[in-house]
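Peer 1: The file below is final.cif, mmCIF, C-alpha atoms, pLDDT in the B column; chains and numbers go by the auth columns:
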data_target
loop_
_atom_site.group_PDB
_atom_site.id
_atom_site.type_symbol
_atom_site.label_atom_id
_atom_site.label_comp_id
_atom_site.label_asym_id
_atom_site.label_seq_id
_atom_site.Cartn_x
_atom_site.Cartn_y
_atom_site.Cartn_z
_atom_site.B_iso_or_equiv
_atom_site.auth_seq_id
_atom_site.auth_asym_id
ATOM 1 C CA PRO A 1 0.000 0.000 0.000 66.00 1 A
ATOM 2 C CA ASN A 2 0.940 3.625 -0.399 74.00 2 A
ATOM 3 C CA PRO A 3 1.616 5.689 2.721 79.00 3 A
ATOM 4 C CA PRO A 4 -1.524 7.572 3.795 77.00 4 A
ATOM 5 C CA TYR A 5 0.490 10.539 5.083 77.00 5 A
ATOM 6 C CA LEU A 6 3.924 12.114 5.007 82.00 6 A
ATOM 7 C CA SER A 7 5.908 13.336 7.982 82.00 7 A
ATOM 8 C CA SER A 8 7.031 16.958 8.146 83.00 8 A
ATOM 9 C CA ASN A 9 10.556 15.705 7.529 83.00 9 A
ATOM 10 C CA ASP A 10 9.422 13.816 4.389 87.00 10 A
ATOM 11 C CA ALA A 11 7.681 16.946 3.085 87.00 11 A
ATOM 12 C CA LEU A 12 10.678 19.188 3.801 87.00 12 A
ATOM 13 C CA CYS A 13 13.007 16.727 2.061 88.00 13 A
ATOM 14 C CA GLY A 14 10.622 16.717 -0.906 89.00 14 A
ATOM 15 C CA GLU A 15 10.595 20.515 -1.054 88.00 15 A
ATOM 16 C CA VAL A 16 14.400 20.645 -1.169 88.00 16 A
ATOM 17 C CA CYS A 17 14.516 17.877 -3.801 90.00 17 A
ATOM 18 C CA THR A 18 11.970 19.783 -5.903 89.00 18 A
ATOM 19 C CA GLN A 19 13.922 23.044 -5.675 87.00 19 A
ATOM 20 C CA ILE A 20 17.185 21.425 -6.791 87.00 20 A
ATOM 21 C CA ASP A 21 15.457 18.886 -9.093 89.00 21 A
ATOM 22 C CA ALA A 22 17.053 15.892 -7.341 90.00 22 A
ATOM 23 C CA THR A 23 15.808 12.478 -8.448 92.00 23 A
ATOM 24 C CA SER A 24 18.013 10.537 -6.030 91.00 24 A
ATOM 25 C CA LEU A 25 19.143 10.932 -2.455 91.00 25 A
ATOM 26 C CA LEU A 26 20.961 9.250 0.403 87.00 26 A
ATOM 27 C CA LEU A 27 18.686 9.238 3.422 87.00 27 A
ATOM 28 C CA CYS A 28 20.563 8.906 6.726 85.00 28 A
ATOM 29 C CA MET A 29 18.834 6.531 9.138 85.00 29 A
ATOM 30 C CA ASP A 30 19.687 5.671 12.739 81.00 30 A
ATOM 31 C CA TRP A 31 19.505 1.856 12.912 82.00 31 A
ATOM 32 C CA ARG A 32 19.686 1.604 16.736 80.00 32 A
ATOM 33 C CA PRO A 33 15.880 1.518 17.315 80.00 33 A
ATOM 34 C CA VAL A 34 15.450 -1.150 14.619 83.00 34 A
ATOM 35 C CA LEU A 35 17.914 -3.451 16.394 85.00 35 A
ATOM 36 C CA GLN A 36 16.588 -2.425 19.832 86.00 36 A
ATOM 37 C CA ARG A 37 19.998 -0.971 20.737 82.00 37 A
ATOM 38 C CA THR A 38 18.989 2.575 21.651 74.00 38 A
ATOM 39 C CA ASP A 39 21.595 2.570 24.425 77.00 39 A
ATOM 40 C CA PHE A 40 24.415 1.862 21.956 77.00 40 A
ATOM 41 C CA PHE A 41 26.841 4.779 21.848 73.00 41 A
ATOM 42 C CA GLY A 42 28.784 5.300 18.652 67.00 42 A
ATOM 43 C CA TYR A 43 28.197 5.257 14.927 68.00 43 A
ATOM 44 C CA GLY A 44 24.657 4.010 14.358 77.00 44 A
ATOM 45 C CA VAL A 45 23.741 5.431 10.962 80.00 45 A
ATOM 46 C CA SER A 46 23.081 3.775 7.625 83.00 46 A
ATOM 47 C CA PHE A 47 22.645 5.571 4.327 85.00 47 A
ATOM 48 C CA LEU A 48 19.629 4.520 2.290 87.00 48 A
ATOM 49 C CA TYR A 49 19.942 5.166 -1.441 89.00 49 A
ATOM 50 C CA LEU A 50 16.620 6.230 -2.972 89.00 50 A
ATOM 51 C CA SER A 51 15.943 6.870 -6.628 90.00 51 A
ATOM 52 C CA TYR A 52 12.598 8.025 -8.034 92.00 52 A
ATOM 53 C CA PRO A 53 11.168 9.239 -11.377 93.00 53 A
ATOM 54 C CA THR A 54 10.820 12.940 -10.467 93.00 54 A
ATOM 55 C CA ALA A 55 11.707 15.137 -7.505 92.00 55 A
ATOM 56 C CA MET A 56 8.007 15.262 -6.592 91.00 56 A
ATOM 57 C CA HIS A 57 8.222 11.553 -5.664 91.00 57 A
ATOM 58 C CA ALA A 58 10.936 12.078 -2.999 91.00 58 A
ATOM 59 C CA PRO A 59 8.682 12.397 0.088 90.00 59 A
ATOM 60 C CA THR A 60 6.692 9.265 -0.758 89.00 60 A
ATOM 61 C CA ALA A 61 9.908 7.346 -1.452 90.00 61 A
ATOM 62 C CA CYS A 62 11.206 8.315 2.013 88.00 62 A
ATOM 63 C CA ARG A 63 8.031 7.266 3.829 89.00 63 A
ATOM 64 C CA THR A 64 7.747 4.008 1.835 89.00 64 A
ATOM 65 C CA VAL A 65 11.197 2.726 2.865 88.00 65 A
ATOM 66 C CA LEU A 66 10.744 3.890 6.486 86.00 66 A
ATOM 67 C CA GLY A 67 7.162 2.694 7.019 86.00 67 A
ATOM 68 C CA TRP A 68 4.169 4.168 8.863 83.00 68 A
ATOM 69 C CA LYS A 69 1.156 3.461 11.070 78.00 69 A
ATOM 70 C CA ASP A 70 -2.308 3.819 9.612 77.00 70 A
ATOM 71 C CA ALA A 71 -5.325 5.422 11.301 77.00 71 A
ATOM 72 C CA HIS A 72 -6.203 2.072 12.943 81.00 72 A
ATOM 73 C CA GLY A 73 -2.723 1.605 14.432 79.00 73 A
ATOM 74 C CA ASN A 74 -1.639 -1.029 11.914 80.00 74 A
ATOM 75 C CA LEU A 75 2.110 -0.860 11.336 80.00 75 A
ATOM 76 C CA TYR A 76 3.477 -0.971 7.788 83.00 76 A
ATOM 77 C CA ASN A 77 7.199 -1.457 8.155 81.00 77 A
ATOM 78 C CA GLY A 78 9.303 -0.251 5.290 86.00 78 A
ATOM 79 C CA ILE A 79 12.303 -2.346 4.376 88.00 79 A
ATOM 80 C CA ALA A 80 14.584 -0.040 6.378 87.00 80 A
ATOM 81 C CA ARG A 81 12.839 -1.169 9.606 86.00 81 A
ATOM 82 C CA ASP A 82 13.647 -4.859 9.016 90.00 82 A
ATOM 83 C CA PRO A 83 16.573 -6.030 11.215 90.00 83 A
ATOM 84 C CA ASN A 84 17.757 -8.385 8.449 91.00 84 A
ATOM 85 C CA PHE A 85 17.972 -5.461 6.047 89.00 85 A
ATOM 86 C CA VAL A 86 19.896 -3.404 8.627 87.00 86 A
ATOM 87 C CA PHE A 87 22.451 -6.204 9.099 88.00 87 A
ATOM 88 C CA TRP A 88 22.792 -6.586 5.322 89.00 88 A
ATOM 89 C CA LYS A 89 23.136 -2.826 4.930 86.00 89 A
ATOM 90 C CA MET A 90 25.918 -2.633 7.537 83.00 90 A
ATOM 91 C CA GLU A 91 27.901 -5.208 5.536 84.00 91 A
ATOM 92 C CA ASN A 92 27.231 -3.407 2.245 81.00 92 A
ATOM 93 C CA GLU A 93 27.217 0.232 3.381 73.00 93 A
ATOM 94 C CA TRP A 94 29.250 1.694 0.535 71.00 94 A
ATOM 95 C CA ARG A 95 27.470 -0.130 -2.288 70.00 95 A
ATOM 96 C CA GLN A 96 25.157 2.678 -3.379 71.00 96 A
ATOM 97 C CA GLY A 97 24.143 4.437 -6.507 70.00 97 A
ATOM 98 C CA LYS A 98 25.426 7.910 -7.351 78.00 98 A
ATOM 99 C CA THR A 99 23.254 10.455 -5.594 84.00 99 A
ATOM 100 C CA GLU A 100 22.394 14.130 -5.980 86.00 100 A
ATOM 101 C CA LEU A 101 21.505 14.898 -2.356 87.00 101 A
ATOM 102 C CA ILE A 102 22.378 13.623 1.115 85.00 102 A
ATOM 103 C CA TRP A 103 19.520 14.207 3.578 87.00 103 A
ATOM 104 C CA ASN A 104 20.562 13.962 7.223 84.00 104 A
ATOM 105 C CA SER A 105 17.882 14.856 9.768 82.00 105 A
ATOM 106 C CA TRP A 106 18.715 15.026 13.464 76.00 106 A
ATOM 107 C CA VAL A 107 15.173 16.069 14.375 70.00 107 A
ATOM 108 C CA ASP A 108 14.363 12.816 16.223 66.00 108 A
ATOM 109 C CA PHE A 109 17.798 12.593 17.853 64.00 109 A
ATOM 110 C CA PHE A 110 17.399 15.592 20.138 60.00 110 A
ATOM 111 C CA ILE A 111 14.557 16.210 22.579 57.00 111 A
ATOM 112 C CA ILE A 112 14.295 19.895 23.354 55.00 112 A
ATOM 113 C CA ARG A 113 12.820 20.507 26.790 55.00 113 A
ATOM 114 C CA ASP A 114 12.604 23.356 29.225 50.00 114 A
ATOM 115 C CA LYS A 115 13.735 21.067 32.054 46.00 115 A
ATOM 116 C CA GLY A 116 15.957 18.005 32.156 47.00 116 A
ATOM 117 C CA TYR A 117 13.426 15.960 34.095 47.00 117 A
ATOM 118 C CA ASP A 118 10.168 14.182 33.314 49.00 118 A
ATOM 119 C CA GLY A 119 8.116 16.297 35.737 52.00 119 A
ATOM 120 C CA ASN A 120 8.443 13.787 38.575 52.00 120 A
ATOM 121 C CA ASP A 121 12.052 14.763 39.368 49.00 121 A
ATOM 122 C CA ASN A 122 13.308 11.765 37.367 50.00 122 A
ATOM 123 C CA GLU A 123 16.094 12.389 34.902 49.00 123 A
ATOM 124 C CA VAL A 124 15.250 11.596 31.293 47.00 124 A
ATOM 125 C CA SER A 125 18.114 9.964 29.433 44.00 125 A
ATOM 126 C CA ALA A 126 16.587 7.972 26.565 43.00 126 A
ATOM 127 C CA LYS A 127 17.823 10.417 23.925 46.00 127 A
ATOM 128 C CA MET A 128 20.199 13.336 23.918 49.00 128 A
ATOM 129 C CA GLU A 129 18.465 15.965 26.004 50.00 129 A
ATOM 130 C CA SER A 130 19.164 19.585 25.211 52.00 130 A
ATOM 131 C CA HIS A 131 17.946 22.952 26.417 49.00 131 A
ATOM 132 C CA PRO A 132 19.241 25.348 23.788 55.00 132 A
ATOM 133 C CA ASP A 133 17.673 28.286 22.112 55.00 133 A
ATOM 134 C CA ASP A 134 19.437 27.176 18.955 59.00 134 A
ATOM 135 C CA ILE A 135 21.185 23.977 17.825 62.00 135 A
ATOM 136 C CA MET A 136 23.914 24.760 15.312 66.00 136 A
ATOM 137 C CA MET A 137 26.846 23.096 13.593 68.00 137 A
ATOM 138 C CA SER A 138 30.414 23.771 14.631 74.00 138 A
ATOM 139 C CA GLN A 139 32.716 25.481 12.148 78.00 139 A
ATOM 140 C CA GLN A 140 34.666 22.218 11.731 80.00 140 A
ATOM 141 C CA MET A 141 31.469 20.259 11.015 77.00 141 A
ATOM 142 C CA CYS A 142 30.415 22.880 8.447 78.00 142 A
ATOM 143 C CA GLN A 143 33.825 22.826 6.770 83.00 143 A
ATOM 144 C CA MET A 144 33.734 19.034 6.428 80.00 144 A
ATOM 145 C CA ARG A 145 30.378 19.219 4.625 78.00 145 A
ATOM 146 C CA ILE A 146 31.550 22.109 2.429 78.00 146 A
ATOM 147 C CA ASP A 147 34.554 20.001 1.391 81.00 147 A
ATOM 148 C CA VAL A 148 32.359 16.992 0.561 76.00 148 A
ATOM 149 C CA ALA A 149 29.972 19.141 -1.501 74.00 149 A
ATOM 150 C CA ALA A 150 32.814 20.965 -3.277 73.00 150 A
ATOM 151 C CA THR A 151 34.744 17.841 -4.256 77.00 151 A
ATOM 152 C CA SER A 152 31.772 15.703 -5.268 76.00 152 A
ATOM 153 C CA GLY A 153 29.370 18.282 -6.713 76.00 153 A
ATOM 154 C CA LEU A 154 26.482 16.853 -4.734 82.00 154 A
ATOM 155 C CA SER A 155 24.235 18.676 -2.295 85.00 155 A
ATOM 156 C CA TYR A 156 24.086 17.956 1.425 83.00 156 A
ATOM 157 C CA CYS A 157 21.334 18.959 3.863 85.00 157 A
ATOM 158 C CA ILE A 158 21.421 18.503 7.596 83.00 158 A
ATOM 159 C CA VAL A 159 18.360 19.352 9.676 85.00 159 A
ATOM 160 C CA PHE A 160 18.472 20.263 13.370 80.00 160 A
ATOM 161 C CA PRO A 161 15.455 20.730 15.634 76.00 161 A
ATOM 162 C CA GLN A 162 14.846 24.145 17.130 75.00 162 A
ATOM 163 C CA PRO A 163 12.421 25.147 19.881 72.00 163 A
ATOM 164 C CA ASN A 164 10.034 26.516 17.215 74.00 164 A
ATOM 165 C CA GLY A 165 10.711 24.442 14.095 77.00 165 A
ATOM 166 C CA VAL A 166 13.889 23.299 12.396 80.00 166 A
ATOM 167 C CA ARG A 167 17.100 24.735 10.981 79.00 167 A
ATOM 168 C CA VAL A 168 18.218 23.396 7.596 82.00 168 A
ATOM 169 C CA TYR A 169 21.870 23.646 6.650 82.00 169 A
ATOM 170 C CA PHE A 170 22.433 23.320 2.911 82.00 170 A
ATOM 171 C CA PHE A 171 25.813 22.686 1.298 82.00 171 A
ATOM 172 C CA GLY A 172 26.058 22.341 -2.451 78.00 172 A
ATOM 173 C CA PRO A 173 26.511 24.057 -5.771 74.00 173 A
ATOM 174 C CA ASN A 174 25.824 27.801 -5.730 71.00 174 A
ATOM 175 C CA LYS A 175 22.964 27.462 -8.209 71.00 175 A
ATOM 176 C CA HIS A 176 21.114 25.102 -5.845 71.00 176 A
ATOM 177 C CA GLY A 177 21.681 27.460 -2.905 68.00 177 A
ATOM 178 C CA HIS A 178 20.277 30.373 -4.908 65.00 178 A
ATOM 179 C CA ASP A 179 17.290 28.256 -6.001 64.00 179 A
ATOM 180 C CA LEU A 180 16.503 27.410 -2.373 68.00 180 A
ATOM 181 C CA CYS A 181 16.889 31.006 -1.192 65.00 181 A
ATOM 182 C CA SER A 182 14.588 32.317 -3.915 64.00 182 A
ATOM 183 C CA SER A 183 11.923 29.639 -3.285 62.00 183 A
ATOM 184 C CA ASN A 184 10.540 31.317 -0.140 61.00 184 A
ATOM 185 C CA LEU A 185 10.624 27.911 1.549 58.00 185 A
ATOM 186 C CA LYS A 186 9.406 28.371 5.134 55.00 186 A
ATOM 187 C CA VAL A 187 10.523 25.947 7.846 49.00 187 A
#
As C-alpha cells, please, write out the structure in this file.
Peer 2:
Amino acid sequence: PNPPYLSSNDALCGEVCTQIDATSLLLCMDWRPVLQRTDFFGYGVSFLYLSYPTAMHAPTACRTVLGWKDAHGNLYNGIARDPNFVFWKMENEWRQGKTELIWNSWVDFFIIRDKGYDGNDNEVSAKMESHPDDIMMSQQMCQMRIDVAATSGLSYCIVFPQPNGVRVYFFGPNKHGHDLCSSNLKV
C-alpha cells in the first residue's frame, strides 16, 4: 500500500529535492531503534539510497522505505525497519548508486525541553536531552560538509530541531543554494 500521510521531515526533504530537481538521495537513518539498541553509543547510521522518477516523488519514497502506522494503528514497516535489512546494509554500506543529495535529519535525535526531568524529578536519558535556544553546527562540522559538496558536486542537507521548528543547513553548488533562497521555503 501507499503511505496515507507524510511526515514533516518527508515533506521538507521533498521541497528541497523539488527546488534542486534531485531524483536521487541518500537518506541517513539511525539503525539503533530497529535493532533495539537505543543505548548503543557510537556510529549508528546507515545511508539509504533512494531513486525516483521525479523530484516530486521524494517524500513518498522516504516514507515508503521507512514505514508508517495507519489510522487504525496497523504498522506498515518499510524495508529499512527490518533487522535483516539493517544487518545486510551494515555489511554493504558503501554499495550505493550515485546520488544528488544527502539528507541527514537530526530532528528525532534531540529532545528539546525546558527542564531536564520528566516532571516527577526523574532524569530523562533515553535520547540526547538539550535545552538550547538554537542547535547549530560547529565550524569544523560545516567545513567538512563544504569540502564533501565541493569535491563531489552533490548537495548535502542537515536538519536540526529548534524550539520553534527546524534549521536546515544546505551545502552544495551555488545554483542550488540560490534556487533554495529564492523559493521562499518556510521551515
Peer 1: For A:Leu6, find every residue with an atom within 12 Å (counting all atoms listed in the file), except residues of its own chain fewer than 5 positions away, and show them as a list in words.
Peer 2: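 Listing them by chain and then by number gives Ala11, Leu12, Cys13, Gly14, His57, Ala58, Pro59, Thr60, Ala61, Cys62, Arg63, Thr64, Leu66, Gly67, Trp68, Lys69 and Asp70 of chain A.
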Peer 1: Print the selection's residues with C-alpha atoms to a file, as an mmCIF file, in the frame of the given file.
Peer 2:
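What ended up in again-v6.cif:
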data_model
loop_
_atom_site.group_PDB
_atom_site.id
_atom_site.type_symbol
_atom_site.label_atom_id
_atom_site.label_comp_id
_atom_site.auth_asym_id
_atom_site.auth_seq_id
_atom_site.Cartn_x
_atom_site.Cartn_y
_atom_site.Cartn_z
ATOM 1 C CA ALA A 11 7.681 16.946 3.085
ATOM 2 C CA LEU A 12 10.678 19.188 3.801
ATOM 3 C CA CYS A 13 13.007 16.727 2.061
ATOM 4 C CA GLY A 14 10.622 16.717 -0.906
ATOM 5 C CA HIS A 57 8.222 11.553 -5.664
ATOM 6 C CA ALA A 58 10.936 12.078 -2.999
ATOM 7 C CA PRO A 59 8.682 12.397 0.088
ATOM 8 C CA THR A 60 6.692 9.265 -0.758
ATOM 9 C CA ALA A 61 9.908 7.346 -1.452
ATOM 10 C CA CYS A 62 11.206 8.315 2.013
ATOM 11 C CA ARG A 63 8.031 7.266 3.829
ATOM 12 C CA THR A 64 7.747 4.008 1.835
ATOM 13 C CA LEU A 66 10.744 3.890 6.486
ATOM 14 C CA GLY A 67 7.162 2.694 7.019
ATOM 15 C CA TRP A 68 4.169 4.168 8.863
ATOM 16 C CA LYS A 69 1.156 3.461 11.070
ATOM 17 C CA ASP A 70 -2.308 3.819 9.612
#
Peer 1: I need the output of the PyMOL selection byres ((chain A and resi 144-149) around 10) for this file as a short mmCIF file (atom, residue, chain, number, x, y, z; two decimals) with C-alpha atoms, keeping the file's coordinate frame; which residues are they?
Peer 2:
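And here's out.cif as it stands now:
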data_model
loop_
_atom_site.label_atom_id
_atom_site.label_comp_id
_atom_site.auth_asym_id
_atom_site.auth_seq_id
_atom_site.Cartn_x
_atom_site.Cartn_y
_atom_site.Cartn_z
CA LEU A 101 21.50 14.90 -2.36
CA ILE A 102 22.38 13.62 1.12
CA GLN A 139 32.72 25.48 12.15
CA GLN A 140 34.67 22.22 11.73
CA MET A 141 31.47 20.26 11.02
CA CYS A 142 30.42 22.88 8.45
CA GLN A 143 33.83 22.83 6.77
CA ALA A 150 32.81 20.96 -3.28
CA THR A 151 34.74 17.84 -4.26
CA SER A 152 31.77 15.70 -5.27
CA GLY A 153 29.37 18.28 -6.71
CA LEU A 154 26.48 16.85 -4.73
CA SER A 155 24.24 18.68 -2.30
CA TYR A 156 24.09 17.96 1.42
CA CYS A 157 21.33 18.96 3.86
CA ILE A 158 21.42 18.50 7.60
CA TYR A 169 21.87 23.65 6.65
CA PHE A 170 22.43 23.32 2.91
CA PHE A 171 25.81 22.69 1.30
CA GLY A 172 26.06 22.34 -2.45
CA PRO A 173 26.51 24.06 -5.77
#
Peer 1: For A:Arg95, which residue out of A:Arg32, A:Thr54, A:Ser46, A:Val65 is the nearest one, using all atoms listed in the file?
Peer 2: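 For A:Arg95, the nearest of the candidates is A:Ser46.
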Peer 1: Hey, which of A:Glu91, A:Asp21, A:Asp30, A:Glu15 ends up closest to A:Val107? Count all atoms listed in the file.
Peer 2: A:Asp30
Peer 1: So how many Å separate atom CA of A:Val34 and atom CA of A:Val86, to one decimal?
Peer 2: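 Going from atom CA of A:Val34 over to atom CA of A:Val86 covers 7.8 Å.
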Peer 1: Atom CA of A:Val168 and atom CA of A:Glu100 are how many Å apart?
Peer 2: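 If I compute the distance from atom CA of A:Val168 to atom CA of A:Glu100, I get 17.0 Å.
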Peer 1: What do you get, as a CSV table (one decimal) with C-alpha atoms, in the frame of the given file, if you spell out every residue that the PyMOL selection byres ((chain A and resi 81) around 10) selects here?
Peer 2:
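Below is the file that was written, out02.csv:
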chain,number,residue,atom,x,y,z
A,29,MET,CA,18.8,6.5,9.1
A,31,TRP,CA,19.5,1.9,12.9
A,33,PRO,CA,15.9,1.5,17.3
A,34,VAL,CA,15.4,-1.2,14.6
A,35,LEU,CA,17.9,-3.5,16.4
A,65,VAL,CA,11.2,2.7,2.9
A,66,LEU,CA,10.7,3.9,6.5
A,67,GLY,CA,7.2,2.7,7.0
A,76,TYR,CA,3.5,-1.0,7.8
A,77,ASN,CA,7.2,-1.5,8.2
A,78,GLY,CA,9.3,-0.3,5.3
A,79,ILE,CA,12.3,-2.3,4.4
A,80,ALA,CA,14.6,0.0,6.4
A,82,ASP,CA,13.6,-4.9,9.0
A,83,PRO,CA,16.6,-6.0,11.2
A,84,ASN,CA,17.8,-8.4,8.4
A,85,PHE,CA,18.0,-5.5,6.0
A,86,VAL,CA,19.9,-3.4,8.6
Peer 1: I would like the residues chosen by the PyMOL selection byres ((chain A and resi 105) around 8) on the shown file; could you give them as a PyMOL selection string?
Peer 2: chain A and resi 9+28+103-104+106-108+157-160
Peer 1: How would the residues just chosen look if you wrote them out with C-alpha atoms as a PDB file, in the frame of the given file?
Peer 2:
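As written to disk, part-v6.pdb reads:
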ATOM      1  CA  ASN A   9      10.556  15.705   7.529  1.00 83.00           C
ATOM      2  CA  CYS A  28      20.563   8.906   6.726  1.00 85.00           C
ATOM      3  CA  TRP A 103      19.520  14.207   3.578  1.00 87.00           C
ATOM      4  CA  ASN A 104      20.562  13.962   7.223  1.00 84.00           C
ATOM      5  CA  TRP A 106      18.715  15.026  13.464  1.00 76.00           C
ATOM      6  CA  VAL A 107      15.173  16.069  14.375  1.00 70.00           C
ATOM      7  CA  ASP A 108      14.363  12.816  16.223  1.00 66.00           C
ATOM      8  CA  CYS A 157      21.334  18.959   3.863  1.00 85.00           C
ATOM      9  CA  ILE A 158      21.421  18.503   7.596  1.00 83.00           C
ATOM     10  CA  VAL A 159      18.360  19.352   9.676  1.00 85.00           C
ATOM     11  CA  PHE A 160      18.472  20.263  13.370  1.00 80.00           C
TER      12      PHE A 160
END
Peer 1: Measure the distance from atom CA of A:Met90 to atom CA of A:Leu75 in Å and round it to one decimal.
Peer 2: 24.2 Å
Peer 1: Given 8 Å of margin on each side, can you work out the centre and size in Å (one decimal) of an axis-aligned box holding every listed atom of stretch 14-29 of chain A, as lines of an AutoDock Vina configuration file?
Peer 2:
center_x = 15.8
center_y = 14.8
center_z = 0.0
size_x = 26.4
size_y = 32.5
size_z = 34.2
